[in-house]
>>> print(open('data10.cif').read())   # mmCIF, C-alpha atoms
data_model
#
loop_
_atom_site.group_PDB
_atom_site.id
_atom_site.type_symbol
_atom_site.label_atom_id
_atom_site.label_comp_id
_atom_site.auth_asym_id
_atom_site.auth_seq_id
_atom_site.Cartn_x
_atom_site.Cartn_y
_atom_site.Cartn_z
ATOM 1 C CA MET I 1 51.127 -16.043 77.600
ATOM 2 C CA THR I 2 52.432 -12.574 78.287
ATOM 3 C CA ARG I 3 51.293 -9.804 75.956
ATOM 4 C CA SER I 4 53.701 -7.030 74.952
ATOM 5 C CA PHE I 5 52.152 -3.554 74.888
ATOM 6 C CA PRO I 6 53.796 -0.566 73.205
ATOM 7 C CA SER I 7 55.444 1.874 75.584
ATOM 8 C CA ILE I 8 54.069 5.341 76.245
ATOM 9 C CA ARG I 9 57.020 6.756 74.290
ATOM 10 C CA THR I 10 56.176 4.544 71.305
ATOM 11 C CA LEU I 11 52.517 5.547 71.423
ATOM 12 C CA LYS I 12 53.449 9.224 71.507
ATOM 13 C CA ALA I 13 55.760 8.755 68.527
ATOM 14 C CA LEU I 14 53.034 6.972 66.566
ATOM 15 C CA LEU I 15 50.515 9.672 67.456
ATOM 16 C CA ALA I 16 52.945 12.411 66.403
ATOM 17 C CA SER I 17 53.544 10.645 63.076
ATOM 18 C CA ALA I 18 49.816 10.346 62.487
ATOM 19 C CA VAL I 19 49.272 14.034 63.243
ATOM 20 C CA LEU I 20 52.068 15.000 60.839
ATOM 21 C CA ALA I 21 50.639 12.739 58.139
ATOM 22 C CA LEU I 22 47.166 14.207 58.558
ATOM 23 C CA GLY I 23 48.632 17.700 58.539
ATOM 24 C CA SER I 24 50.492 17.014 55.305
ATOM 25 C CA LEU I 25 47.320 15.594 53.755
ATOM 26 C CA ALA I 26 45.301 18.635 54.773
ATOM 27 C CA GLN I 27 47.995 20.919 53.407
ATOM 28 C CA ALA I 28 48.054 19.018 50.092
ATOM 29 C CA GLN I 29 44.304 19.385 49.801
ATOM 30 C CA THR I 30 44.466 23.140 50.272
ATOM 31 C CA VAL I 31 46.720 23.694 47.238
ATOM 32 C CA PHE I 32 44.766 24.644 44.125
ATOM 33 C CA LYS I 33 46.745 23.789 40.999
ATOM 34 C CA ILE I 34 46.291 25.427 37.620
ATOM 35 C CA THR I 35 48.023 24.907 34.286
ATOM 36 C CA ALA I 36 47.888 26.237 30.746
ATOM 37 C CA ILE I 37 48.624 24.971 27.270
ATOM 38 C CA PRO I 38 52.191 26.051 26.396
ATOM 39 C CA ASP I 39 51.223 28.223 23.431
ATOM 40 C CA GLU I 40 53.890 30.792 24.318
ATOM 41 C CA SER I 41 57.338 30.698 25.891
ATOM 42 C CA PRO I 42 57.587 29.385 29.489
ATOM 43 C CA THR I 43 58.739 32.794 30.757
ATOM 44 C CA GLU I 44 55.749 34.549 29.183
ATOM 45 C CA LEU I 45 53.306 31.985 30.597
ATOM 46 C CA ALA I 46 54.807 32.407 34.080
ATOM 47 C CA ARG I 47 54.631 36.211 33.782
ATOM 48 C CA LYS I 48 50.963 36.050 32.778
ATOM 49 C CA ALA I 49 50.105 33.611 35.564
ATOM 50 C CA ALA I 50 51.770 35.368 38.535
ATOM 51 C CA PRO I 51 49.192 38.098 39.349
ATOM 52 C CA LEU I 52 46.285 35.760 38.544
ATOM 53 C CA VAL I 53 47.655 33.194 41.012
ATOM 54 C CA LYS I 54 47.905 35.867 43.713
ATOM 55 C CA TYR I 55 44.335 37.048 43.007
ATOM 56 C CA LEU I 56 42.891 33.530 43.092
ATOM 57 C CA GLU I 57 44.624 32.829 46.394
ATOM 58 C CA GLN I 58 42.775 35.790 47.895
ATOM 59 C CA ARG I 59 39.448 34.735 46.404
ATOM 60 C CA LEU I 60 39.691 31.018 47.166
ATOM 61 C CA GLY I 61 41.386 31.357 50.548
ATOM 62 C CA MET I 62 44.017 28.741 49.742
ATOM 63 C CA LYS I 63 47.428 28.409 48.151
ATOM 64 C CA VAL I 64 47.338 28.453 44.326
ATOM 65 C CA GLU I 65 50.146 27.064 42.211
ATOM 66 C CA PHE I 66 50.781 27.425 38.484
ATOM 67 C CA THR I 67 52.087 24.104 37.168
ATOM 68 C CA PRO I 68 53.689 24.352 33.707
ATOM 69 C CA VAL I 69 53.450 21.398 31.318
ATOM 70 C CA SER I 70 55.725 20.276 28.496
ATOM 71 C CA ASP I 71 53.166 20.204 25.692
ATOM 72 C CA TYR I 72 49.474 20.440 24.825
ATOM 73 C CA ALA I 73 48.851 16.719 25.371
ATOM 74 C CA ALA I 74 50.234 16.995 28.912
ATOM 75 C CA ALA I 75 47.763 19.805 29.669
ATOM 76 C CA VAL I 76 44.912 17.572 28.510
ATOM 77 C CA GLU I 77 46.096 14.606 30.582
ATOM 78 C CA ALA I 78 46.703 16.729 33.685
ATOM 79 C CA LEU I 79 43.046 17.737 33.978
ATOM 80 C CA ALA I 80 41.642 14.393 32.802
ATOM 81 C CA HIS I 81 43.567 12.656 35.617
ATOM 82 C CA LYS I 82 42.863 15.450 38.117
ATOM 83 C CA GLN I 83 46.544 16.286 38.564
ATOM 84 C CA VAL I 84 45.477 19.936 38.301
ATOM 85 C CA ASP I 85 42.243 21.631 39.350
ATOM 86 C CA MET I 86 41.879 24.062 36.463
ATOM 87 C CA ALA I 87 43.402 24.453 32.997
ATOM 88 C CA TRP I 88 43.607 27.196 30.383
ATOM 89 C CA TYR I 89 42.696 25.531 27.094
ATOM 90 C CA GLY I 90 42.224 26.482 23.503
ATOM 91 C CA GLY I 91 38.967 25.326 21.942
ATOM 92 C CA PHE I 92 40.574 22.213 20.457
ATOM 93 C CA THR I 93 42.383 21.185 23.643
ATOM 94 C CA PHE I 94 39.094 21.621 25.510
ATOM 95 C CA VAL I 95 37.458 19.220 23.039
ATOM 96 C CA GLN I 96 40.360 16.781 23.503
ATOM 97 C CA ALA I 97 40.094 17.061 27.304
ATOM 98 C CA SER I 98 36.356 16.466 27.124
ATOM 99 C CA ILE I 99 36.864 13.309 25.059
ATOM 100 C CA ARG I 100 39.808 12.103 27.170
ATOM 101 C CA SER I 101 37.895 12.592 30.448
ATOM 102 C CA GLY I 102 34.692 10.970 29.211
ATOM 103 C CA GLY I 103 32.808 14.252 29.048
ATOM 104 C CA LYS I 104 33.937 15.453 32.483
ATOM 105 C CA ALA I 105 35.680 18.661 31.343
ATOM 106 C CA VAL I 106 33.590 21.705 32.257
ATOM 107 C CA PRO I 107 34.443 25.114 30.751
ATOM 108 C CA LEU I 108 33.686 27.917 33.203
ATOM 109 C CA VAL I 109 34.702 31.232 31.633
ATOM 110 C CA GLN I 110 36.271 32.674 28.523
ATOM 111 C CA ARG I 111 37.506 36.108 27.593
ATOM 112 C CA GLU I 112 35.003 38.261 25.779
ATOM 113 C CA GLU I 113 37.452 38.136 22.856
ATOM 114 C CA ASP I 114 37.112 34.343 22.693
ATOM 115 C CA GLU I 115 33.525 34.580 21.444
ATOM 116 C CA LYS I 116 34.882 35.855 18.138
ATOM 117 C CA PHE I 117 38.485 34.772 18.007
ATOM 118 C CA ARG I 118 40.578 34.749 14.828
ATOM 119 C CA SER I 119 43.820 33.459 13.399
ATOM 120 C CA VAL I 120 46.151 35.206 10.979
ATOM 121 C CA PHE I 121 48.452 33.972 8.245
ATOM 122 C CA ILE I 122 51.653 35.999 8.015
ATOM 123 C CA SER I 123 54.505 36.090 5.508
ATOM 124 C CA GLY I 124 57.735 37.931 4.827
ATOM 125 C CA ASP I 125 57.632 37.109 1.114
ATOM 126 C CA PRO I 126 56.224 40.059 -0.914
ATOM 127 C CA ALA I 127 54.998 37.611 -3.563
ATOM 128 C CA ILE I 128 52.664 35.923 -1.063
ATOM 129 C CA ARG I 129 49.483 37.977 -0.832
ATOM 130 C CA SER I 130 46.717 35.379 -0.412
ATOM 131 C CA LEU I 131 46.099 31.797 0.708
ATOM 132 C CA ALA I 132 46.372 30.629 -2.907
ATOM 133 C CA ASP I 133 49.928 31.992 -3.028
ATOM 134 C CA LEU I 134 50.941 29.561 -0.296
ATOM 135 C CA LYS I 135 50.893 26.611 -2.691
ATOM 136 C CA GLY I 136 54.370 25.215 -3.125
ATOM 137 C CA LYS I 137 55.667 27.143 -0.085
ATOM 138 C CA THR I 138 56.935 26.182 3.356
ATOM 139 C CA VAL I 139 54.347 27.022 6.006
ATOM 140 C CA SER I 140 54.526 26.764 9.791
ATOM 141 C CA PHE I 141 51.676 26.080 12.172
ATOM 142 C CA GLY I 142 52.071 26.210 15.974
ATOM 143 C CA SER I 143 51.409 23.059 17.970
ATOM 144 C CA GLN I 144 49.489 20.292 16.222
ATOM 145 C CA SER I 145 46.896 20.552 19.039
ATOM 146 C CA SER I 146 46.563 24.329 18.788
ATOM 147 C CA THR I 147 43.138 25.696 17.885
ATOM 148 C CA SER I 148 44.271 29.074 16.589
ATOM 149 C CA GLY I 149 47.726 27.954 15.449
ATOM 150 C CA HIS I 150 46.729 24.844 13.534
ATOM 151 C CA LEU I 151 43.176 23.454 13.598
ATOM 152 C CA MET I 152 41.238 26.521 12.473
ATOM 153 C CA PRO I 153 43.872 27.748 9.990
ATOM 154 C CA ARG I 154 43.932 24.240 8.482
ATOM 155 C CA SER I 155 40.133 24.168 8.432
ATOM 156 C CA TYR I 156 39.920 27.440 6.493
ATOM 157 C CA LEU I 157 42.647 26.288 4.094
ATOM 158 C CA LEU I 158 40.648 23.152 3.346
ATOM 159 C CA GLN I 159 37.543 25.287 2.773
ATOM 160 C CA ALA I 160 39.599 27.254 0.239
ATOM 161 C CA GLN I 161 40.438 23.961 -1.532
ATOM 162 C CA ILE I 162 44.031 24.022 -0.281
ATOM 163 C CA ASP I 163 45.339 20.841 1.345
ATOM 164 C CA PRO I 164 48.448 21.674 3.402
ATOM 165 C CA ASP I 165 49.768 18.115 3.226
ATOM 166 C CA LYS I 166 49.557 18.059 -0.573
ATOM 167 C CA ASP I 167 49.819 21.677 -1.687
ATOM 168 C CA PHE I 168 52.599 23.002 0.578
ATOM 169 C CA ARG I 169 56.234 22.190 -0.134
ATOM 170 C CA ARG I 170 56.704 21.550 3.569
ATOM 171 C CA VAL I 171 54.556 21.798 6.717
ATOM 172 C CA ALA I 172 56.355 22.726 9.928
ATOM 173 C CA TYR I 173 55.151 22.873 13.534
ATOM 174 C CA SER I 174 56.861 25.516 15.655
ATOM 175 C CA GLY I 175 55.168 24.497 18.914
ATOM 176 C CA ALA I 176 54.046 28.011 19.896
ATOM 177 C CA HIS I 177 52.681 31.240 18.385
ATOM 178 C CA ASP I 178 55.724 33.366 19.189
ATOM 179 C CA ALA I 179 57.965 30.691 17.686
ATOM 180 C CA THR I 180 55.915 30.840 14.465
ATOM 181 C CA ILE I 181 56.500 34.599 14.212
ATOM 182 C CA ALA I 182 60.223 34.034 14.747
ATOM 183 C CA ALA I 183 60.350 31.348 12.056
ATOM 184 C CA VAL I 184 58.653 33.618 9.506
ATOM 185 C CA ALA I 185 60.691 36.694 10.446
ATOM 186 C CA SER I 186 63.964 34.786 10.149
ATOM 187 C CA GLY I 187 63.037 33.287 6.787
ATOM 188 C CA LYS I 188 63.043 29.688 8.037
ATOM 189 C CA VAL I 189 59.570 29.330 6.519
ATOM 190 C CA ASP I 190 57.740 31.320 3.863
ATOM 191 C CA ALA I 191 54.599 31.822 5.945
ATOM 192 C CA GLY I 192 52.932 30.894 9.215
ATOM 193 C CA ALA I 193 49.564 30.742 10.943
ATOM 194 C CA LEU I 194 48.971 31.884 14.495
ATOM 195 C CA ASN I 195 46.725 33.380 17.153
ATOM 196 C CA ILE I 196 45.717 36.964 16.284
ATOM 197 C CA SER I 197 46.111 38.042 19.928
ATOM 198 C CA VAL I 198 49.802 37.089 20.045
ATOM 199 C CA TRP I 199 50.389 38.752 16.664
ATOM 200 C CA GLU I 200 48.792 42.006 17.823
ATOM 201 C CA LYS I 201 50.828 41.892 21.045
ATOM 202 C CA PHE I 202 54.070 41.505 19.075
ATOM 203 C CA VAL I 203 53.084 44.391 16.799
ATOM 204 C CA ALA I 204 52.166 46.637 19.750
ATOM 205 C CA ASP I 205 55.453 45.821 21.513
ATOM 206 C CA LYS I 206 57.393 46.386 18.259
ATOM 207 C CA LYS I 207 58.835 42.868 18.461
ATOM 208 C CA VAL I 208 58.201 42.286 14.759
ATOM 209 C CA ASP I 209 59.042 44.456 11.753
ATOM 210 C CA THR I 210 55.687 44.936 10.010
ATOM 211 C CA GLY I 211 57.543 46.464 7.102
ATOM 212 C CA LYS I 212 58.880 42.995 6.378
ATOM 213 C CA VAL I 213 56.320 40.601 7.875
ATOM 214 C CA LYS I 214 52.671 41.202 7.043
ATOM 215 C CA VAL I 215 49.273 39.584 7.563
ATOM 216 C CA ILE I 216 48.077 38.038 4.306
ATOM 217 C CA PHE I 217 44.822 36.520 5.591
ATOM 218 C CA THR I 218 42.617 36.772 8.679
ATOM 219 C CA THR I 219 40.195 33.930 9.338
ATOM 220 C CA PRO I 220 36.487 34.279 10.106
ATOM 221 C CA ALA I 221 35.600 34.244 13.823
ATOM 222 C CA TYR I 222 35.242 31.164 16.020
ATOM 223 C CA PHE I 223 35.049 30.288 19.747
ATOM 224 C CA ASP I 224 38.417 29.677 21.360
ATOM 225 C CA TYR I 225 40.157 29.773 24.762
ATOM 226 C CA ASN I 226 38.572 29.021 28.152
ATOM 227 C CA TRP I 227 39.308 28.105 31.766
ATOM 228 C CA THR I 228 38.161 24.534 32.364
ATOM 229 C CA VAL I 229 37.690 22.384 35.475
ATOM 230 C CA HIS I 230 36.841 18.717 36.120
ATOM 231 C CA SER I 231 33.176 17.920 36.765
ATOM 232 C CA ASP I 232 34.162 16.283 40.069
ATOM 233 C CA MET I 233 34.865 19.757 41.446
ATOM 234 C CA PRO I 234 32.097 20.728 43.914
ATOM 235 C CA MET I 235 29.551 23.137 42.456
ATOM 236 C CA ALA I 236 30.225 25.678 45.206
ATOM 237 C CA GLN I 237 33.876 25.904 44.234
ATOM 238 C CA ARG I 238 33.003 26.173 40.524
ATOM 239 C CA GLU I 239 30.712 29.077 41.317
ATOM 240 C CA GLN I 240 33.389 30.682 43.491
ATOM 241 C CA LEU I 241 35.915 30.465 40.636
ATOM 242 C CA THR I 242 33.487 31.754 38.050
ATOM 243 C CA LYS I 243 32.602 34.754 40.198
ATOM 244 C CA ALA I 244 36.292 35.502 40.788
ATOM 245 C CA PHE I 245 36.872 35.781 37.026
ATOM 246 C CA LEU I 246 33.668 37.701 36.349
ATOM 247 C CA ASP I 247 34.549 40.189 39.098
ATOM 248 C CA LEU I 248 37.836 41.189 37.425
ATOM 249 C CA ASN I 249 37.465 44.867 36.569
ATOM 250 C CA ARG I 250 39.734 47.084 34.503
ATOM 251 C CA ASN I 251 38.922 50.009 36.804
ATOM 252 C CA THR I 252 41.025 48.501 39.602
ATOM 253 C CA PRO I 253 44.850 48.268 39.413
ATOM 254 C CA GLU I 254 44.728 44.539 40.167
ATOM 255 C CA GLY I 255 42.011 43.836 37.628
ATOM 256 C CA LYS I 256 43.696 45.891 34.923
ATOM 257 C CA GLU I 257 47.023 44.112 35.405
ATOM 258 C CA ILE I 258 45.468 40.656 35.196
ATOM 259 C CA LEU I 259 43.190 41.452 32.265
ATOM 260 C CA ASP I 260 46.006 43.141 30.335
ATOM 261 C CA LEU I 261 48.272 40.127 30.804
ATOM 262 C CA GLN I 262 45.449 37.781 29.811
ATOM 263 C CA ARG I 263 44.761 40.063 26.812
ATOM 264 C CA ALA I 264 41.157 40.305 27.876
ATOM 265 C CA THR I 265 38.562 43.056 27.994
ATOM 266 C CA ARG I 266 36.708 41.005 30.589
ATOM 267 C CA PHE I 267 35.752 37.392 31.334
ATOM 268 C CA ILE I 268 32.294 36.011 30.572
ATOM 269 C CA PRO I 269 30.601 32.643 31.277
ATOM 270 C CA THR I 270 30.924 29.910 28.665
ATOM 271 C CA GLN I 271 29.569 26.408 28.066
ATOM 272 C CA ALA I 272 30.584 23.185 26.335
ATOM 273 C CA SER I 273 28.128 23.655 23.456
ATOM 274 C CA ASN I 274 30.122 26.701 22.291
ATOM 275 C CA TYR I 275 32.880 24.334 21.166
ATOM 276 C CA LYS I 276 30.814 21.960 19.024
ATOM 277 C CA GLY I 277 31.986 23.839 15.942
ATOM 278 C CA ILE I 278 35.597 23.244 16.954
ATOM 279 C CA GLU I 279 34.916 19.520 17.342
ATOM 280 C CA THR I 280 33.231 19.403 13.930
ATOM 281 C CA ALA I 281 36.199 21.185 12.335
ATOM 282 C CA ALA I 282 38.638 18.797 14.037
ATOM 283 C CA ARG I 283 36.776 15.739 12.781
ATOM 284 C CA SER I 284 36.525 17.196 9.260
ATOM 285 C CA ALA I 285 40.271 17.891 9.255
ATOM 286 C CA GLY I 286 40.981 14.333 10.436
ATOM 287 C CA LEU I 287 42.496 15.513 13.724
ATOM 288 C CA ILE I 288 39.922 13.562 15.760
ATOM 289 C CA LYS I 289 39.122 10.049 14.600
#
>>> encode(input="data10.cif", output="structure tokens")
Amino acid sequence: MTRSFPSIRTLKALLASAVLALGSLAQAQTVFKITAIPDESPTELARKAAPLVKYLEQRLGMKVEFTPVSDYAAAVEALAHKQVDMAWYGGFTFVQASIRSGGKAVPLVQREEDEKFRSVFISGDPAIRSLADLKGKTVSFGSQSSTSGHLMPRSYLLQAQIDPDKDFRRVAYSGAHDATIAAVASGKVDAGALNISVWEKFVADKKVDTGKVKVIFTTPAYFDYNWTVHSDMPMAQREQLTKAFLDLNRNTPEGKEILDLQRATRFIPTQASNYKGIETAARSAGLIK
């Protein structure tokens, strides 16, 4: 029986294909993907991410890509299934990611501001001056999975003996903090709850008329946003990432640009236990079963 051996040309072609395949695999493994909950418009998220991506590329020595997602749930799933390497979460989405991944979500850093974060309730109705005045009104939250745009505002309403689902004429969900401001300013809703950082940014940029729309209540402080990775990430890379964030300094042009866009004084280490209060609030509000 005569055996048929592949020709030299065929072997070379197979070898070339294998080299290309291995090259593509190596290239895929050198792309570090990050995402963020879509708590603001896509253009604003992209603007905030651009200089951070460039900085991380320098620090990690590999290509970094910002991968936008359609909603908060998609951000949770992306990290849980390791479709991204790092995600910017609110406290509640971190808790959801931790549950969804079986406890494998690891928060690395948070902004100094996130140790004592707050939400605000705003209204354009002069008759609304307190939380009690919201009864019988239309009120907008942000995303249902938002910590500062829904969970914590709802939690403080419940503490004040106000049940949004029973006491408000209608509950709306705008999907994002800037959209909540727009809904209140346009009169689509009587009031709204959102992240204090976004509110202060809009005020500073004169994107809202504070003669017409005012803060009627500011919540007590709570832990909020963080950068989270999957526990399967090697410890050396986690430490490299953490150091990159901790090294950001407002005294350098690069550091100032990134920190200003992230609305941060500086980044500090964080840990999962900081978000136990968020989980407790979510369970009390019936948002985690």
>>> closest_atom_pairs(input="data10.cif", of="segment 91-132 of chain I", to="segment 185-205 of chain I", cutoff="7 Å", atoms="only C-alpha atoms", output="Markdown table")
| residue | atom | partner | partner_atom | distance |
| --- | --- | --- | --- | --- |
| I:Arg118 | CA | I:Ile196 | CA | 5.8 |
| I:Ser119 | CA | I:Asn195 | CA | 4.7 |
| I:Val120 | CA | I:Leu194 | CA | 5.6 |
| I:Phe121 | CA | I:Ala193 | CA | 4.4 |
| I:Ile122 | CA | I:Gly192 | CA | 5.4 |
| I:Ser123 | CA | I:Ala191 | CA | 4.3 |
| I:Gly124 | CA | I:Ala185 | CA | 6.5 |
| I:Asp125 | CA | I:Asp190 | CA | 6.4 |
>>> closest_residue(input="data10.cif", among="I:Tyr225, I:Glu40, I:Gly91, I:Lys33", to="Ala179 of chain I", atoms="all atoms listed in the file")
I:Glu40
>>> axis_aligned_box(input="data10.cif", around="segment 87-94 of chain I", padding_each_side="8 Å", output="JSON")
{"center_x": 41.3, "center_y": 24.2, "center_z": 26.7, "size_x": 20.6, "size_y": 22.0, "size_z": 28.5}
>>> closest_residue(input="data10.cif", among="I:Val84, I:Leu52, I:Val69, I:Leu287", to="Val31 of chain I", atoms="only C-alpha atoms")
I:Val84
>>> residues_around(input="data10.cif", residues="Leu134 of chain I", least_positions_apart="4", cutoff="8 Å", atoms="all atoms listed in the file", output="VMD selection string")
chain I and resid 128 130 138 to 139 168 191
>>> closest_residue(input="data10.cif", among="I:Thr93, I:Pro253, I:Lys166, I:His230", to="Ile37 of chain I", atoms="all atoms listed in the file")
I:Thr93
>>> atom_distance(input="data10.cif", atom1="atom CA of Leu79 of chain I", atom2="atom CA of Lys48 of chain I")
20.0 Å
>>> closest_residue(input="data10.cif", among="I:Pro51, I:Arg59, I:Tyr275, I:Gln237", to="Ala97 of chain I", atoms="all atoms listed in the file")
I:Tyr275
>>> atom_distance(input="data10.cif", atom1="atom CA of Ala87 of chain I", atom2="atom CA of Lys207 of chain I")
28.1 Å
>>> atom_distance(input="data10.cif", atom1="atom CA of Gly102 of chain I", atom2="atom CA of Met86 of chain I")
16.6 Å
>>> build_atoms(input="data10.cif", residues="segment 266-285 of chain I", atoms="N, CA and C atoms", output="PDB file, keeping the file's coordinate frame")
ATOM      1  N   ARG I 266      37.329  41.527  29.372  1.00  0.00           N
ATOM      2  CA  ARG I 266      36.708  41.005  30.589  1.00  0.00           C
ATOM      3  C   ARG I 266      36.466  39.520  30.375  1.00  0.00           C
ATOM      4  N   PHE I 267      36.116  38.807  31.441  1.00  0.00           N
ATOM      5  CA  PHE I 267      35.752  37.392  31.334  1.00  0.00           C
ATOM      6  C   PHE I 267      34.240  37.258  31.373  1.00  0.00           C
ATOM      7  N   ILE I 268      33.729  36.282  30.630  1.00  0.00           N
ATOM      8  CA  ILE I 268      32.294  36.011  30.572  1.00  0.00           C
ATOM      9  C   ILE I 268      32.070  34.506  30.726  1.00  0.00           C
ATOM     10  N   PRO I 269      30.870  34.084  31.154  1.00  0.00           N
ATOM     11  CA  PRO I 269      30.601  32.643  31.277  1.00  0.00           C
ATOM     12  C   PRO I 269      30.641  31.962  29.902  1.00  0.00           C
ATOM     13  N   THR I 270      30.968  30.686  29.899  1.00  0.00           N
ATOM     14  CA  THR I 270      30.924  29.910  28.665  1.00  0.00           C
ATOM     15  C   THR I 270      30.342  28.536  28.961  1.00  0.00           C
ATOM     16  N   GLN I 271      30.162  27.738  27.907  1.00  0.00           N
ATOM     17  CA  GLN I 271      29.569  26.408  28.066  1.00  0.00           C
ATOM     18  C   GLN I 271      30.107  25.476  26.981  1.00  0.00           C
ATOM     19  N   ALA I 272      30.008  24.187  27.234  1.00  0.00           N
ATOM     20  CA  ALA I 272      30.584  23.185  26.335  1.00  0.00           C
ATOM     21  C   ALA I 272      30.021  23.264  24.908  1.00  0.00           C
ATOM     22  N   SER I 273      28.752  23.611  24.783  1.00  0.00           N
ATOM     23  CA  SER I 273      28.128  23.655  23.456  1.00  0.00           C
ATOM     24  C   SER I 273      28.764  24.684  22.533  1.00  0.00           C
ATOM     25  N   ASN I 274      29.448  25.695  23.119  1.00  0.00           N
ATOM     26  CA  ASN I 274      30.122  26.701  22.291  1.00  0.00           C
ATOM     27  C   ASN I 274      31.223  26.095  21.433  1.00  0.00           C
ATOM     28  N   TYR I 275      31.716  24.919  21.827  1.00  0.00           N
ATOM     29  CA  TYR I 275      32.880  24.334  21.166  1.00  0.00           C
ATOM     30  C   TYR I 275      32.529  23.173  20.241  1.00  0.00           C
ATOM     31  N   LYS I 276      31.237  23.003  19.956  1.00  0.00           N
ATOM     32  CA  LYS I 276      30.814  21.960  19.024  1.00  0.00           C
ATOM     33  C   LYS I 276      31.367  22.215  17.626  1.00  0.00           C
ATOM     34  N   GLY I 277      31.442  23.495  17.253  1.00  0.00           N
ATOM     35  CA  GLY I 277      31.986  23.839  15.942  1.00  0.00           C
ATOM     36  C   GLY I 277      33.448  23.475  15.830  1.00  0.00           C
ATOM     37  N   ILE I 278      34.191  23.625  16.931  1.00  0.00           N
ATOM     38  CA  ILE I 278      35.597  23.244  16.954  1.00  0.00           C
ATOM     39  C   ILE I 278      35.730  21.732  16.769  1.00  0.00           C
ATOM     40  N   GLU I 279      34.874  20.979  17.466  1.00  0.00           N
ATOM     41  CA  GLU I 279      34.916  19.520  17.342  1.00  0.00           C
ATOM     42  C   GLU I 279      34.595  19.092  15.919  1.00  0.00           C
ATOM     43  N   THR I 280      33.598  19.727  15.312  1.00  0.00           N
ATOM     44  CA  THR I 280      33.231  19.403  13.930  1.00  0.00           C
ATOM     45  C   THR I 280      34.396  19.685  12.984  1.00  0.00           C
ATOM     46  N   ALA I 281      35.052  20.823  13.181  1.00  0.00           N
ATOM     47  CA  ALA I 281      36.199  21.185  12.335  1.00  0.00           C
ATOM     48  C   ALA I 281      37.338  20.183  12.516  1.00  0.00           C
ATOM     49  N   ALA I 282      37.558  19.749  13.757  1.00  0.00           N
ATOM     50  CA  ALA I 282      38.638  18.797  14.037  1.00  0.00           C
ATOM     51  C   ALA I 282      38.368  17.448  13.387  1.00  0.00           C
ATOM     52  N   ARG I 283      37.120  17.025  13.413  1.00  0.00           N
ATOM     53  CA  ARG I 283      36.776  15.739  12.781  1.00  0.00           C
ATOM     54  C   ARG I 283      36.882  15.860  11.250  1.00  0.00           C
ATOM     55  N   SER I 284      36.458  16.985  10.711  1.00  0.00           N
ATOM     56  CA  SER I 284      36.525  17.196   9.260  1.00  0.00           C
ATOM     57  C   SER I 284      37.966  17.237   8.770  1.00  0.00           C
ATOM     58  N   ALA I 285      38.864  17.784   9.619  1.00  0.00           N
ATOM     59  CA  ALA I 285      40.271  17.891   9.255  1.00  0.00           C
ATOM     60  C   ALA I 285      41.043  16.600   9.559  1.00  0.00           C
TER      61      ALA I 285
END
